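Undergrad: Below is the structure I would like to discuss, written out as structure tokens.
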Amino acid sequence: MEIEELIDKIKINFKIEDTEEILETLFQLLKDFAKENYISIETKVDTTWKKINNDILETLINTDQSFIKIRGEMDFEPITDVDLVITQKCNFKCKHCFMSSSPETGNKDKLDTTKWKEIIDSLCKLGLSEAKVTGGEPFVHSEIFEILEHLDSKNVGILILSNGFLLNQKIVEKLSNLKKVFIQISIDGISDKSYDALRNTTHVLGKIKENIILLRKHNIPIIISTTATIHNYEEILSGQLIELAKKLDINILGVSPHFIQVGRATENMDNQLTDHQILKLIDYLNQEKEKNYPFKIHIGAPPALTGETTLKHLDLALPRCRRGINSCSITSEGLVAVCTDFVQVNYDKYKLGNVLENNLETIWKNAKQIREERINSIGTLKGVCTICKHVIHCGGACRADAYAFYKDINAPYPLCQRLYENNKFPKDSLNKDAKYIPIR
């Protein structure tokens, strides 16, 4: 990729207009990595690759040879992002919770704050750049800010997944002191009736809205995450969710047309939308994405259904879910897993070890076979995934969801397979020259 193209993509995705600011940040990052011998930086001269000295890195933009190639030289496989499940306890008891969290589930937590800090230190040695701090509800953890501030001291980007109810002025002020923090707040209904129906709550939505406004007053970026169900479907289609997003001045609106069949969700599948409703909702959201809203809209469904083109410029056949490749989850019980979802569906192969029994570096090093399996997973998929044009970028979507439904890690994504079998899968997403491989 030419450096000018990279800069243009950064401008679009991060809404930064100042080219000099981008260059300064980008080259400083590259220099820091080169200094630690994590990468080598080379420039193309006369069709050959010649290694350049780190001292002249910042002058590359002023030369005719502004094509940069980065080759990893690490003697370990990095973990660049991680899910830290700091507690399994939650102040709510949502019907669709894949963790089956509730006010009573905190007794499973085994890692104290000191241990969490040790884990973070180990992760940083392995290349950590972003941490998703989640639960349960992370703000029920009495020492959450010790964990957040330790991440912040390591210059790790922080994404906190919360229901937003426990926030207050003091908490928000402390959050505003963190250098790189994003808050994702789940709002699964626009009215009290629809919100409470899924979250087993009573008139809490008003306070959550107030807390989002408070966060925005402190310039903290916000993602609203909405799971579409029979309770809020009509509200979303009528434009009420878009209006709420505008009113709350958020940065990103994420909508999932369905939820994973794991945890408490398995007992409440009657809250799911029908296939017709899912496709209608995706079509509506795609239309809304074309409008000039001050926030981005993300649809939580496979690209074959959404028409997403973000990854089409890549010529690599790699699953876009990086879990098990350069990402993992660590639970409050100390379990290291490819993803927390795999813990919930009891896919033991993707449970990599426990930090209470072994150090993280050893656990991750011993997971080499799992990483290779995840990297090559596209070639082992079955069902509609084998004839889908988007599979090289999608990777079969959520593998835990596939396993939960079919008990087969190579099975197709359940929603896509169901649509295909019912002749509702988008015809323009099918590769007519590919061979269909049955699930069983």
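Within each chain, counting starts at residue 1; across the structure tokens, chains are named A, B, ... in the order shown, with ligands numbered 1 upward in that order.
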Taking 4 positions as the minimum chain separation for residues in the same chain, which residues sit within 8 Å of Pro303 of chain A when counting only C-alpha atoms? Answer as a list of chain:residue names.
TA: A:Gly307, A:Glu308, A:Thr309, A:His390, A:Cys394
Undergrad: Skipping near chain neighbours, those fewer than 2 positions away, what residues fall within 9 Å of segment 374-379 of chain A using only C-alpha atoms, listed as a PyMOL selection string?
TA: chain A and resi 317-319+322-325+369-372+381-382+385-386+391-392+394-396+410
Undergrad: Write out as a VMD selection string each polymer residue whose atoms come within 10 Å of segment 229-242 of chain A, counting only C-alpha atoms; drop sequence neighbours fewer than 3 positions from it.
TA: chain A and resid 96 187 to 191 193 to 198 224 226 245 to 248 253 255 to 259 269 to 274 277 to 278 280 to 281 284 to 285 288 293 295 297
Undergrad: From the DSSP assignment of the backbone, select every residue of segment 183-411 of chain A that is strand (DSSP E), and format the answer as a VMD selection string.
TA: chain A and resid 183 to 186 222 to 227 252 to 256 296 to 299 327 to 330 335 to 337 351 to 354
Undergrad: List as a list in words the protein and nucleic acid residues near segment 343-346 of chain A, meaning an atom at most 8 Å away when only C-alpha atoms are counted, but skip any in the same chain fewer than 4 places from it.
TA: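 The filter keeps Phe98, Met99, Val262, Gly263, Ala337, Cys339, Tyr350, Lys351, Ala400, Tyr403 and Ala404 of chain A.
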Undergrad: Given the selection you just returned, output its residues as a file containing N, CA and C atoms, formatted as a compact mmCIF listing (two decimals), in the first residue's frame.
TA:
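After the write, out_28.txt holds the following:
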```txt
# COMPACT_ATOMS: atom_id res chain seq x y z
N PHE A 98 -24.92 -14.02 27.02
CA PHE A 98 -24.20 -15.25 26.69
C PHE A 98 -23.38 -15.75 27.87
N MET A 99 -23.13 -14.86 28.86
CA MET A 99 -22.37 -15.24 30.05
C MET A 99 -23.28 -15.73 31.18
N VAL A 262 -26.06 -18.85 23.13
CA VAL A 262 -25.17 -19.30 24.21
C VAL A 262 -25.69 -18.72 25.52
N GLY A 263 -25.40 -19.41 26.62
CA GLY A 263 -25.76 -18.89 27.93
C GLY A 263 -27.27 -18.78 28.12
N ALA A 337 -8.60 -18.22 26.88
CA ALA A 337 -9.33 -18.92 25.84
C ALA A 337 -9.26 -18.14 24.54
N CYS A 339 -11.71 -17.30 22.83
CA CYS A 339 -12.78 -16.32 23.01
C CYS A 339 -13.65 -16.79 24.17
N TYR A 350 -10.37 -24.95 22.65
CA TYR A 350 -10.03 -23.53 22.58
C TYR A 350 -9.87 -22.90 23.96
N LYS A 351 -9.83 -23.73 24.99
CA LYS A 351 -9.42 -23.27 26.31
C LYS A 351 -7.92 -23.54 26.42
N ALA A 400 -17.95 -19.74 17.39
CA ALA A 400 -18.59 -20.23 18.61
C ALA A 400 -20.08 -20.42 18.39
N TYR A 403 -20.50 -23.57 16.42
CA TYR A 403 -20.32 -24.76 17.27
C TYR A 403 -21.50 -24.96 18.20
N ALA A 404 -22.01 -23.86 18.75
CA ALA A 404 -23.14 -23.95 19.67
C ALA A 404 -24.35 -24.60 18.99
```
Undergrad: Would you pick out the contacts of Pro138 of chain A at 10 Å or less, using only C-alpha atoms, so that residues sharing its chain but fewer than 3 positions from it are not included, and give the list as a count of residues only?
TA: 21
Undergrad: Counting only C-alpha atoms, which of A:Lys115, A:His203, A:Lys179, A:Lys209 gets nearest to Leu167 of chain A?
TA: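 Result for the nearest residue to Leu167 of chain A: A:Lys209.
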Undergrad: Set the distance at 12 Å and use only C-alpha atoms: which residues neighbour Tyr406 of chain A once local chain neighbours fewer than 2 positions away are removed? I'd like the list as a list in words.
TA: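 Result of the neighbour search: Gln261, Val345, Lys382, Gly383, Arg399, Ala400, Asp401, Ala402, Tyr403, Ala404, Asp408, Ile409, Asn410, Ala411, Pro412, Tyr413, Pro414, Leu415, Gln417, Arg418, Ile439 and Arg440 of chain A.
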Undergrad: I need the residue nearest Leu205 of chain A from this list: A:Glu333, A:Asp283, A:Leu244, A:Ala367. Use only C-alpha atoms for the distance.
TA: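 Looking only at the distances to Leu205 of chain A, the closest residue turns out to be A:Leu244.
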Undergrad: What is the atom CA of Phe405 of chain A to atom CA of Asn423 of chain A distance in Å?
TA: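 So the two atoms, atom CA of Phe405 of chain A and atom CA of Asn423 of chain A, lie 19.8 Å apart.
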Undergrad: Within 12 Å of Ile220 of chain A, counting only C-alpha atoms, which residues qualify if same-chain residues fewer than 5 places away don't, as a short mmCIF file (atom, residue, chain, number, x, y, z; two decimals) with N, CA and C atoms, in the first residue's frame?
TA:
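Writing the result to around05.cif gives the following:
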```
data_model
loop_
_atom_site.label_atom_id
_atom_site.label_comp_id
_atom_site.auth_asym_id
_atom_site.auth_seq_id
_atom_site.Cartn_x
_atom_site.Cartn_y
_atom_site.Cartn_z
N ILE A 158 -8.31 1.43 25.55
CA ILE A 158 -9.28 0.74 26.40
C ILE A 158 -10.68 0.88 25.83
N LEU A 159 -11.36 -0.24 25.67
CA LEU A 159 -12.78 -0.25 25.33
C LEU A 159 -13.52 -0.93 26.48
N ILE A 160 -14.43 -0.20 27.11
CA ILE A 160 -15.19 -0.74 28.25
C ILE A 160 -16.59 -1.08 27.78
N VAL A 172 -17.26 9.19 35.85
CA VAL A 172 -17.04 9.78 34.53
C VAL A 172 -15.82 10.70 34.54
N GLU A 173 -15.63 11.45 35.61
CA GLU A 173 -14.46 12.33 35.70
C GLU A 173 -13.17 11.52 35.71
N LYS A 174 -13.20 10.37 36.41
CA LYS A 174 -12.01 9.51 36.41
C LYS A 174 -11.77 8.88 35.04
N LEU A 175 -12.86 8.53 34.36
CA LEU A 175 -12.72 7.99 33.00
C LEU A 175 -12.11 9.02 32.06
N SER A 176 -12.48 10.27 32.23
CA SER A 176 -12.00 11.33 31.35
C SER A 176 -10.50 11.57 31.50
N ASN A 177 -9.91 11.07 32.57
CA ASN A 177 -8.47 11.22 32.78
C ASN A 177 -7.65 10.16 32.05
N LEU A 178 -8.34 9.13 31.52
CA LEU A 178 -7.64 8.09 30.77
C LEU A 178 -7.34 8.60 29.36
N LYS A 179 -6.18 8.24 28.84
CA LYS A 179 -5.72 8.82 27.57
C LYS A 179 -6.50 8.29 26.37
N LYS A 180 -6.74 6.98 26.34
CA LYS A 180 -7.39 6.36 25.18
C LYS A 180 -8.49 5.43 25.66
N VAL A 181 -9.69 5.96 25.80
CA VAL A 181 -10.80 5.14 26.30
C VAL A 181 -12.04 5.35 25.45
N PHE A 182 -12.73 4.26 25.19
CA PHE A 182 -14.02 4.24 24.50
C PHE A 182 -14.98 3.49 25.41
N ILE A 183 -16.21 3.92 25.48
CA ILE A 183 -17.21 3.21 26.28
C ILE A 183 -18.30 2.69 25.35
N GLN A 184 -18.56 1.40 25.41
CA GLN A 184 -19.69 0.81 24.67
C GLN A 184 -20.81 0.52 25.65
N ASN A 211 -26.49 9.28 31.79
CA ASN A 211 -25.07 8.95 31.95
C ASN A 211 -24.31 9.06 30.62
N ILE A 212 -24.97 8.73 29.53
CA ILE A 212 -24.33 8.87 28.22
C ILE A 212 -24.09 10.35 27.92
N ILE A 213 -25.08 11.18 28.21
CA ILE A 213 -24.92 12.62 28.02
C ILE A 213 -23.77 13.15 28.86
N LEU A 214 -23.66 12.64 30.08
CA LEU A 214 -22.57 13.04 30.97
C LEU A 214 -21.21 12.64 30.39
N LEU A 215 -21.14 11.44 29.86
CA LEU A 215 -19.90 10.97 29.23
C LEU A 215 -19.50 11.87 28.05
N ASP A 249 -25.61 12.19 20.86
CA ASP A 249 -24.33 12.64 20.31
C ASP A 249 -23.27 11.55 20.39
N ILE A 250 -23.64 10.33 20.01
CA ILE A 250 -22.69 9.21 20.10
C ILE A 250 -21.77 9.20 18.90
N ASN A 251 -20.79 8.29 18.93
CA ASN A 251 -19.80 8.18 17.85
C ASN A 251 -20.08 7.02 16.91
#
```
Undergrad: Pick from A:Ile252, A:Ile222, A:Ile79, A:Arg264: nearest to Cys124 of chain A, with only C-alpha atoms counted?
TA: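 Ranked by minimum distance to Cys124 of chain A, first place goes to A:Ile79.
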Undergrad: Just the number, please: distance in Å from atom CA of Leu419 of chain A to atom CA of Ala397 of chain A, one decimal.
TA: 14.6 Å
Undergrad: Going by DSSP on the backbone, which bits of segment 174-346 of chain A are helix (DSSP H, G or I)? Write them as a VMD selection string, please.
TA: chain A and resid 174 to 176 192 to 199 205 to 217 233 to 237 240 to 248 263 to 267 269 to 271 275 to 289 303 to 306 340 to 344
